[in-house]
Protein chains: 2
Amino acid sequence: MTSRFSIAVDAMSGDFGPRSTIPATIAFAESHSDTDISLFLSDGTVVPKELPANISIVYSPSVVTMDDSPANVLRNKQDSTMAQAIEACSQGAADAVISAGNTGALVALGRHHLGTFDNIRRPAICKAIPTLAGHSYMLDLGANAIADAQMLHNFALMGSAMAAELDHNPSPSVAILNIGVEHSKGNRVIHEVDALLKQDGRLNYVGYIEGDAIYSGSVDVIVADGFVGNVALKVSEGVARLALGQLKSSFRQNLYGRLLGRFAQPLLRKWHKQFDPARYNGACLLGLNRPLIKSHGSTDERGFLSALVMAKELAGTGLTQRLQAQAIARKLGEGQ
Amino acid sequence: MTSRFSIAVDAMSGDFGPRSTIPATIAFAESHSDTDISLFLSDGTVVPKELPANISIVYSPSVVTMDDSPANVLRNKQDSTMAQAIEACSQGAADAVISAGNTGALVALGRHHLGTFDNIRRPAICKAIPTLAGHSYMLDLGANAIADAQMLHNFALMGSAMAAELDHNPSPSVAILNIGVEHSKGNRVIHEVDALLKQDGRLNYVGYIEGDAIYSGSVDVIVADGFVGNVALKVSEGVARLALGQLKSSFRQNLYGRLLGRFAQPLLRKWHKQFDPARYNGACLLGLNRPLIKSHGSTDERGFLSALVMAKELAGTGLTQRLQAQAIARKLGEGQ
């Protein structure tokens, strides 16, 4: 007997919308016959005539845009593809839900329909980032544009639990992203959370980490508020793009370079594939009671496909349920 | 007739201290005979016997460490190399001062001895960053670990004035670093400064910019608080280092790659030189009444040398005096 999985997909999300989400979902459905997919589309969206049998279409009357405020979405867009996909997951019709849409709206709808772990006020966006040593987990990547010390403490606990579960690491090292490693560096919130984490025996807290050490792989979990985390992640993508662009142009500057560049193409592609932070697509909203996957908004078909794979993995491993159980047993989110 | 310049150097600063600052200063002095350098060293530091004639040594009894809090430095370390170099500049014995030391201490001593422009409460660290289009100016890179809307407004005015002066750009475009470009994105402080900049007719304000667009060169001046700006800059350095490391290792993975890598070396070196954000060394504390240059703490001899060149340029162009005049004439720092 094999178990079946189901995923709800907000196909009207991301910069490319259905142009990237539909082909990605079809590719995913074809290679994952054990998974049923509900594709949430806005009324009238044209779909290919022949769809794999494990895809079913659900039409919704509205769509969440990037300009919609979370409050407006909660009040007026419960009939949107995003809201209805999340609601399907909350009602058990899907094991996981995925969207590349408006982060603020996703967080608001996720909290509303799926709820958060006991004692966790706010979910955080968490993902694995590539490092020289393999990967680390970083959170929050943009769910909370401001965070107090207690929220950051919760993020540390959730990130540590995620690393422990996914990497079978009994004691993941946790650091706070700061503007220096010395005790006096940072601001009031940073000093407060530093004091909280030092006192928390459940954590392997190692202190501060600076931005240039994120990709060294020296710690397993990196904690920041959603503003700083989001900037750090997006800056990384920008630098990777610039680096590749500059490298390609230096290979183009003279005949010698052009010849070399031609031979170097396969290596460059491989390098880009290994390294580009945007390729590690798919982040989860940690702290919600069901797996909600946030795909990068600017991702292409390939990127959305890898976020779908992540959604299935999270549904399959039962990570959320185990974290939820931990949240109760270990009292995540309660101060010492 | 040629004019002479003078620079005060805190040689006890940076991760490598005199091992990198002394050789860099000697190299600079040898190639800039129109500049006199006061090298501030701690008592007993050994220097090469033969120094260029335009270097004079000043010994100080103490040194500011990376752990020193700004308050402690102000109270107890006025006899340090850092404090005495800055004081020399404030008394007119030097046209500019340079240090690779503790940022918090530099800001505190800079404010104390050099003072800030009228109406500017806090200086900001500003530097040119390499972009696909040339360079942009980014501030604050770490002088203020927290900033309110009025401070960010001042940073925008100072950054705009710097770009106007150095690049002869009559209307530099200014953007705020945010976690989305839509109106609703960000937090309260971001929304407040957005409203202030929109109303300020002295600025060519273009709205929000995301982290992945910093290096596109689409705007001339990027404004952030010192926490976010510092993380953005250091993450960039980390990614550049990782990218180069990964690229080198993919050139090493098989015989074909090793051969290619051998031929590609000169191009790689050139690329690294063009791109590496750490090579654009030397940032100025904008808003102080005299030029104070902050060199990257982890820089080597070559990096410190380029910061020295920047110090001379800023002294030579009279940028600080012109910004100061603008601060009075254009009422920088006064709300509308």
# chains A, B, ... in the order shown; residues from 1 in each chain; ligands from 1
>>> interface_residues(of="chain B", to="chain A", cutoff="8 Å", atoms="only C-alpha atoms", output="number ranges by chain")
B: 66-69, 131-132, 142, 145-146, 178-179, 182-184, 186-187, 210-216, 227-228, 230-240, 242-243, 246-247, 250-251, 257, 260, 263-264, 267-268, 270-271, 275
>>> residues_around(residues="range 62-65 of chain B", least_positions_apart="3", cutoff="9 Å", atoms="only C-alpha atoms", output="MDAnalysis selection string")
chainID B and resid 12:13 41:43 68:69 73 77:83 101:102 105
>>> write_last_selection(atoms="all heavy atoms", output="CSV table (one decimal), in the first residue's frame")
chain,number,residue,atom,x,y,z
B,12,MET,N,46.6,51.7,14.7
B,12,MET,CA,46.3,50.6,15.6
B,12,MET,C,45.0,50.0,15.4
B,12,MET,O,44.4,49.3,16.2
B,12,MET,CB,46.5,51.0,17.1
B,12,MET,CG,47.8,51.7,17.4
B,12,MET,SD,49.2,50.8,16.9
B,12,MET,CE,49.1,49.4,18.0
B,13,SER,N,44.4,50.2,14.2
B,13,SER,CA,43.0,49.8,14.0
B,13,SER,C,42.9,48.7,12.9
B,13,SER,O,43.9,48.5,12.2
B,13,SER,CB,42.2,51.0,13.5
B,13,SER,OG,42.7,51.5,12.3
B,41,LEU,N,50.4,55.7,16.6
B,41,LEU,CA,50.8,54.3,17.1
B,41,LEU,C,50.8,54.2,18.6
B,41,LEU,O,50.9,55.2,19.3
B,41,LEU,CB,52.2,54.0,16.6
B,41,LEU,CG,52.4,53.8,15.1
B,41,LEU,CD1,53.9,53.9,14.7
B,41,LEU,CD2,51.8,52.5,14.6
B,42,SER,N,50.6,53.0,19.1
B,42,SER,CA,50.6,52.9,20.5
B,42,SER,C,52.1,52.8,21.0
B,42,SER,O,52.9,52.3,20.2
B,42,SER,CB,49.8,51.7,21.0
B,42,SER,OG,50.4,50.5,20.7
B,43,ASP,N,52.3,53.3,22.2
B,43,ASP,CA,53.7,53.3,22.7
B,43,ASP,C,54.4,52.0,22.5
B,43,ASP,O,53.8,50.9,22.8
B,43,ASP,CB,53.6,53.6,24.3
B,43,ASP,CG,53.2,55.0,24.5
B,43,ASP,OD1,53.2,55.8,23.6
B,43,ASP,OD2,52.7,55.2,25.7
B,68,ASP,N,35.4,47.7,23.1
B,68,ASP,CA,35.1,48.9,23.9
B,68,ASP,C,33.8,49.5,23.5
B,68,ASP,O,33.5,49.7,22.3
B,68,ASP,CB,36.2,50.0,23.6
B,68,ASP,CG,37.5,49.7,24.3
B,68,ASP,OD1,37.4,49.3,25.5
B,68,ASP,OD2,38.6,50.0,23.8
B,69,SER,N,33.0,49.9,24.5
B,69,SER,CA,31.7,50.6,24.2
B,69,SER,C,32.0,52.0,23.9
B,69,SER,O,33.0,52.6,24.4
B,69,SER,CB,30.8,50.5,25.4
B,69,SER,OG,31.2,51.3,26.4
B,73,VAL,N,34.9,54.6,25.6
B,73,VAL,CA,35.9,55.3,24.8
B,73,VAL,C,35.9,56.8,25.1
B,73,VAL,O,36.9,57.4,25.3
B,73,VAL,CB,35.7,54.9,23.3
B,73,VAL,CG1,36.7,55.8,22.5
B,73,VAL,CG2,36.0,53.5,23.1
B,77,LYS,N,39.2,56.7,27.0
B,77,LYS,CA,40.2,56.5,26.0
B,77,LYS,C,40.5,57.7,25.1
B,77,LYS,O,40.7,57.5,23.9
B,77,LYS,CB,39.8,55.2,25.2
B,77,LYS,CG,39.9,53.9,26.0
B,77,LYS,CD,40.3,52.8,25.2
B,77,LYS,CE,40.6,51.6,26.1
B,77,LYS,NZ,40.8,50.3,25.4
B,78,GLN,N,40.4,58.9,25.7
B,78,GLN,CA,40.8,60.1,24.9
B,78,GLN,C,42.2,60.1,24.6
B,78,GLN,O,42.7,60.9,23.8
B,78,GLN,CB,40.3,61.3,25.7
B,78,GLN,CG,38.8,61.5,25.8
B,78,GLN,CD,38.1,61.8,24.5
B,78,GLN,OE1,38.7,62.0,23.4
B,78,GLN,NE2,36.8,61.8,24.5
B,79,ASP,N,43.0,59.2,25.3
B,79,ASP,CA,44.5,59.2,25.0
B,79,ASP,C,44.8,58.0,24.0
B,79,ASP,O,46.0,57.7,23.9
B,79,ASP,CB,45.3,59.0,26.3
B,79,ASP,CG,44.9,57.7,27.0
B,79,ASP,OD1,44.0,57.0,26.6
B,79,ASP,OD2,45.5,57.5,28.1
B,80,SER,N,43.8,57.5,23.3
B,80,SER,CA,44.0,56.4,22.4
B,80,SER,C,44.5,56.9,21.0
B,80,SER,O,44.3,58.1,20.7
B,80,SER,CB,42.7,55.6,22.2
B,80,SER,OG,41.7,56.4,21.7
B,81,THR,N,45.1,56.0,20.2
B,81,THR,CA,45.5,56.5,18.9
B,81,THR,C,44.3,57.0,18.1
B,81,THR,O,44.4,58.0,17.4
B,81,THR,CB,46.1,55.3,18.1
B,81,THR,OG1,45.1,54.2,18.1
B,81,THR,CG2,47.4,54.8,18.8
B,82,MET,N,43.1,56.3,18.2
B,82,MET,CA,41.9,56.8,17.5
B,82,MET,C,41.5,58.2,17.9
B,82,MET,O,41.3,59.0,17.0
B,82,MET,CB,40.8,55.8,17.7
B,82,MET,CG,39.5,56.1,16.9
B,82,MET,SD,38.1,55.1,17.3
B,82,MET,CE,38.5,53.5,16.6
B,83,ALA,N,41.4,58.4,19.2
B,83,ALA,CA,40.9,59.7,19.7
B,83,ALA,C,41.9,60.8,19.3
B,83,ALA,O,41.5,61.9,18.9
B,83,ALA,CB,40.7,59.6,21.2
B,101,GLY,N,39.0,51.0,12.7
B,101,GLY,CA,38.6,50.5,14.0
B,101,GLY,C,37.1,50.5,14.3
B,101,GLY,O,36.3,50.7,13.5
B,102,ASN,N,36.8,50.1,15.6
B,102,ASN,CA,35.5,50.1,16.2
B,102,ASN,C,34.6,51.2,15.7
B,102,ASN,O,34.8,52.4,16.0
B,102,ASN,CB,35.8,50.2,17.7
B,102,ASN,CG,34.5,50.0,18.5
B,102,ASN,OD1,33.4,50.4,18.1
B,102,ASN,ND2,34.7,49.4,19.7
B,105,ALA,N,32.9,53.5,18.4
B,105,ALA,CA,33.8,54.4,19.0
B,105,ALA,C,34.1,55.6,18.0
B,105,ALA,O,34.2,56.7,18.4
B,105,ALA,CB,35.1,53.7,19.4
>>> select_by_dssp(residues="range 29-90 of chain B", states="strand (DSSP E or B)", output="ChimeraX atom specification")
/B:35-42,55-60,62,80
>>> residues_around(residues="range 287-290 of chain A", least_positions_apart="3", cutoff="6 Å", atoms="only C-alpha atoms", output="ChimeraX atom specification")
/A:114-117,123
>>> write_last_selection(atoms="C-alpha atoms", output="PDB file, in the first residue's frame")
ATOM      1  CA  LEU A 114      -4.524  27.353   9.586  1.00  0.00           C
ATOM      2  CA  GLY A 115      -3.765  28.875  12.975  1.00  0.00           C
ATOM      3  CA  THR A 116      -0.392  28.949  14.746  1.00  0.00           C
ATOM      4  CA  PHE A 117       1.210  26.524  17.197  1.00  0.00           C
ATOM      5  CA  PRO A 123       4.816  32.441  11.918  1.00  0.00           C
TER       6      PRO A 123
END
>>> select_by_dssp(residues="range 85-227 of chain A", states="helix (DSSP H, G or I)", output="ChimeraX atom specification")
/A:85-90,103-114,149-167,188-199,211-216,226-227
>>> write_last_selection(atoms="C-alpha atoms", output="CSV table (one decimal), in the first residue's frame")
chain,number,residue,atom,x,y,z
A,85,ALA,CA,-6.4,27.2,-1.5
A,86,ILE,CA,-5.4,27.8,2.1
A,87,GLU,CA,-8.9,27.1,3.3
A,88,ALA,CA,-8.9,23.7,1.4
A,89,CYS,CA,-5.7,22.9,3.3
A,90,SER,CA,-7.3,23.9,6.6
A,103,THR,CA,3.7,37.6,1.5
A,104,GLY,CA,1.7,39.8,3.9
A,105,ALA,CA,-1.6,38.3,2.6
A,106,LEU,CA,-0.2,34.8,2.8
A,107,VAL,CA,0.8,35.3,6.5
A,108,ALA,CA,-2.6,36.9,7.3
A,109,LEU,CA,-4.6,34.1,5.6
A,110,GLY,CA,-2.3,31.4,6.9
A,111,ARG,CA,-2.8,32.6,10.5
A,112,HIS,CA,-6.5,33.0,10.0
A,113,HIS,CA,-7.3,29.7,8.4
A,114,LEU,CA,-4.5,27.4,9.6
A,149,ALA,CA,12.8,40.0,21.3
A,150,GLN,CA,10.1,37.4,22.2
A,151,MET,CA,9.3,36.8,18.6
A,152,LEU,CA,12.9,36.4,17.7
A,153,HIS,CA,13.3,33.9,20.6
A,154,ASN,CA,10.4,31.9,19.1
A,155,PHE,CA,12.0,32.0,15.7
A,156,ALA,CA,15.2,30.6,17.2
A,157,LEU,CA,13.2,27.8,18.8
A,158,MET,CA,11.3,27.0,15.6
A,159,GLY,CA,14.4,27.1,13.4
A,160,SER,CA,16.3,24.9,15.8
A,161,ALA,CA,13.4,22.4,15.8
A,162,MET,CA,13.3,22.4,12.0
A,163,ALA,CA,17.0,21.8,11.6
A,164,ALA,CA,16.8,19.0,14.2
A,165,GLU,CA,13.9,17.3,12.4
A,166,LEU,CA,15.1,17.7,8.8
A,167,ASP,CA,18.8,17.1,9.3
A,188,ARG,CA,18.2,47.1,22.1
A,189,VAL,CA,16.1,44.3,20.6
A,190,ILE,CA,19.3,42.4,19.7
A,191,HIS,CA,20.7,42.7,23.2
A,192,GLU,CA,17.3,41.6,24.7
A,193,VAL,CA,17.1,38.5,22.5
A,194,ASP,CA,20.7,37.7,23.1
A,195,ALA,CA,19.9,37.6,26.9
A,196,LEU,CA,16.8,35.4,26.3
A,197,LEU,CA,18.7,32.9,24.1
A,198,LYS,CA,21.6,32.6,26.5
A,199,GLN,CA,19.3,31.6,29.3
A,211,GLY,CA,26.3,39.1,7.3
A,212,ASP,CA,29.5,38.0,5.6
A,213,ALA,CA,29.6,34.7,7.5
A,214,ILE,CA,26.0,33.6,6.6
A,215,TYR,CA,27.3,31.5,3.7
A,216,SER,CA,30.3,30.0,5.5
A,226,GLY,CA,11.8,39.6,8.6
A,227,PHE,CA,13.0,43.0,7.4
>>> residues_around(residues="range 302-317 of chain B", least_positions_apart="6", cutoff="10 Å", atoms="only C-alpha atoms", output="ChimeraX atom specification")
/B:3-9,14,20-29,32,35,94-100,165-166,278-284,290-296
>>> write_last_selection(atoms="N, CA and C atoms", output="compact mmCIF listing (two decimals), in the first residue's frame")
# COMPACT_ATOMS: atom_id res chain seq x y z
N SER B 3 49.41 72.67 -3.60
CA SER B 3 48.96 72.66 -2.21
C SER B 3 49.36 71.34 -1.56
N ARG B 4 49.60 71.38 -0.28
CA ARG B 4 49.94 70.16 0.46
C ARG B 4 48.73 69.70 1.27
N PHE B 5 48.63 68.39 1.44
CA PHE B 5 47.55 67.81 2.24
C PHE B 5 48.14 67.11 3.45
N SER B 6 47.30 66.90 4.45
CA SER B 6 47.78 66.14 5.60
C SER B 6 46.68 65.19 6.09
N ILE B 7 47.11 63.98 6.44
CA ILE B 7 46.17 62.95 6.90
C ILE B 7 46.65 62.36 8.21
N ALA B 8 45.72 62.22 9.16
CA ALA B 8 46.02 61.55 10.43
C ALA B 8 45.55 60.11 10.32
N VAL B 9 46.44 59.16 10.62
CA VAL B 9 46.12 57.74 10.47
C VAL B 9 46.13 57.02 11.82
N GLY B 14 41.82 47.96 12.91
CA GLY B 14 41.62 46.91 11.92
C GLY B 14 42.11 45.57 12.43
N SER B 20 49.16 45.80 8.65
CA SER B 20 48.64 46.21 7.35
C SER B 20 48.66 47.73 7.18
N THR B 21 48.43 48.48 8.28
CA THR B 21 48.35 49.94 8.13
C THR B 21 49.71 50.58 7.85
N ILE B 22 50.78 50.08 8.50
CA ILE B 22 52.10 50.72 8.29
C ILE B 22 52.61 50.52 6.85
N PRO B 23 52.62 49.27 6.32
CA PRO B 23 53.08 49.13 4.93
C PRO B 23 52.20 49.92 3.95
N ALA B 24 50.87 49.96 4.20
CA ALA B 24 49.98 50.70 3.31
C ALA B 24 50.31 52.19 3.35
N THR B 25 50.57 52.70 4.58
CA THR B 25 50.88 54.13 4.72
C THR B 25 52.21 54.47 4.06
N ILE B 26 53.18 53.58 4.19
CA ILE B 26 54.49 53.82 3.54
C ILE B 26 54.31 53.86 2.02
N ALA B 27 53.57 52.88 1.49
CA ALA B 27 53.35 52.84 0.04
C ALA B 27 52.63 54.11 -0.42
N PHE B 28 51.64 54.55 0.38
CA PHE B 28 50.90 55.75 0.04
C PHE B 28 51.82 56.98 0.08
N ALA B 29 52.61 57.08 1.15
CA ALA B 29 53.49 58.25 1.32
C ALA B 29 54.50 58.35 0.18
N HIS B 32 52.69 59.67 -2.87
CA HIS B 32 51.98 60.94 -2.71
C HIS B 32 52.86 61.91 -1.94
N THR B 35 51.63 64.88 0.28
CA THR B 35 50.79 64.63 1.46
C THR B 35 51.64 64.28 2.67
N ALA B 94 45.38 68.08 10.67
CA ALA B 94 45.21 67.16 9.54
C ALA B 94 43.95 67.55 8.79
N ASP B 95 43.97 67.33 7.45
CA ASP B 95 42.79 67.65 6.64
C ASP B 95 41.76 66.54 6.68
N ALA B 96 42.21 65.32 7.01
CA ALA B 96 41.31 64.17 7.07
C ALA B 96 41.89 63.17 8.04
N VAL B 97 41.03 62.28 8.56
CA VAL B 97 41.49 61.26 9.49
C VAL B 97 40.93 59.91 9.05
N ILE B 98 41.72 58.85 9.27
CA ILE B 98 41.31 57.53 8.81
C ILE B 98 41.56 56.48 9.88
N SER B 99 40.61 55.55 10.01
CA SER B 99 40.74 54.46 10.98
C SER B 99 40.00 53.24 10.44
N ALA B 100 40.48 52.04 10.79
CA ALA B 100 39.77 50.81 10.44
C ALA B 100 39.16 50.21 11.70
N GLU B 165 27.68 66.20 -5.59
CA GLU B 165 29.02 66.81 -5.57
C GLU B 165 30.05 65.94 -6.28
N LEU B 166 30.09 64.65 -5.94
CA LEU B 166 31.17 63.80 -6.45
C LEU B 166 30.95 63.41 -7.91
N ALA B 278 34.39 44.31 -1.25
CA ALA B 278 35.38 44.67 -0.24
C ALA B 278 36.50 45.51 -0.84
N ARG B 279 36.67 45.43 -2.15
CA ARG B 279 37.74 46.20 -2.78
C ARG B 279 37.39 47.67 -2.90
N TYR B 280 36.10 47.96 -2.90
CA TYR B 280 35.70 49.37 -2.88
C TYR B 280 35.86 49.85 -1.45
N ASN B 281 37.08 49.87 -0.93
CA ASN B 281 37.27 50.15 0.48
C ASN B 281 37.29 51.64 0.76
N GLY B 282 36.87 51.98 1.98
CA GLY B 282 36.86 53.37 2.40
C GLY B 282 35.47 53.94 2.34
N ALA B 283 34.92 54.24 3.52
CA ALA B 283 33.59 54.84 3.59
C ALA B 283 33.75 56.10 4.40
N CYS B 284 32.93 57.12 4.15
CA CYS B 284 33.10 58.31 4.97
C CYS B 284 31.93 58.49 5.91
N ARG B 290 34.50 67.43 9.50
CA ARG B 290 35.78 67.17 8.83
C ARG B 290 35.73 65.76 8.27
N PRO B 291 36.51 65.46 7.20
CA PRO B 291 36.45 64.11 6.61
C PRO B 291 37.02 63.02 7.55
N LEU B 292 36.16 62.07 7.93
CA LEU B 292 36.60 60.92 8.72
C LEU B 292 36.32 59.68 7.87
N ILE B 293 37.39 58.97 7.53
CA ILE B 293 37.25 57.80 6.66
C ILE B 293 37.30 56.54 7.50
N LYS B 294 36.29 55.67 7.28
CA LYS B 294 36.26 54.37 7.97
C LYS B 294 36.70 53.31 6.97
N SER B 295 37.84 52.68 7.26
CA SER B 295 38.28 51.57 6.42
C SER B 295 37.64 50.29 6.94
N HIS B 296 37.41 49.35 6.05
CA HIS B 296 36.89 48.03 6.44
C HIS B 296 37.84 47.41 7.45
>>> atom_distance(atom1="CA of Ala147 in chain A", atom2="CA of Asp225 in chain B")
15.6 Å
>>> atom_distance(atom1="CA of Tyr205 in chain B", atom2="CA of Ser173 in chain B")
5.9 Å
>>> atom_distance(atom1="CA of Met138 in chain B", atom2="CA of Leu319 in chain B")
16.8 Å
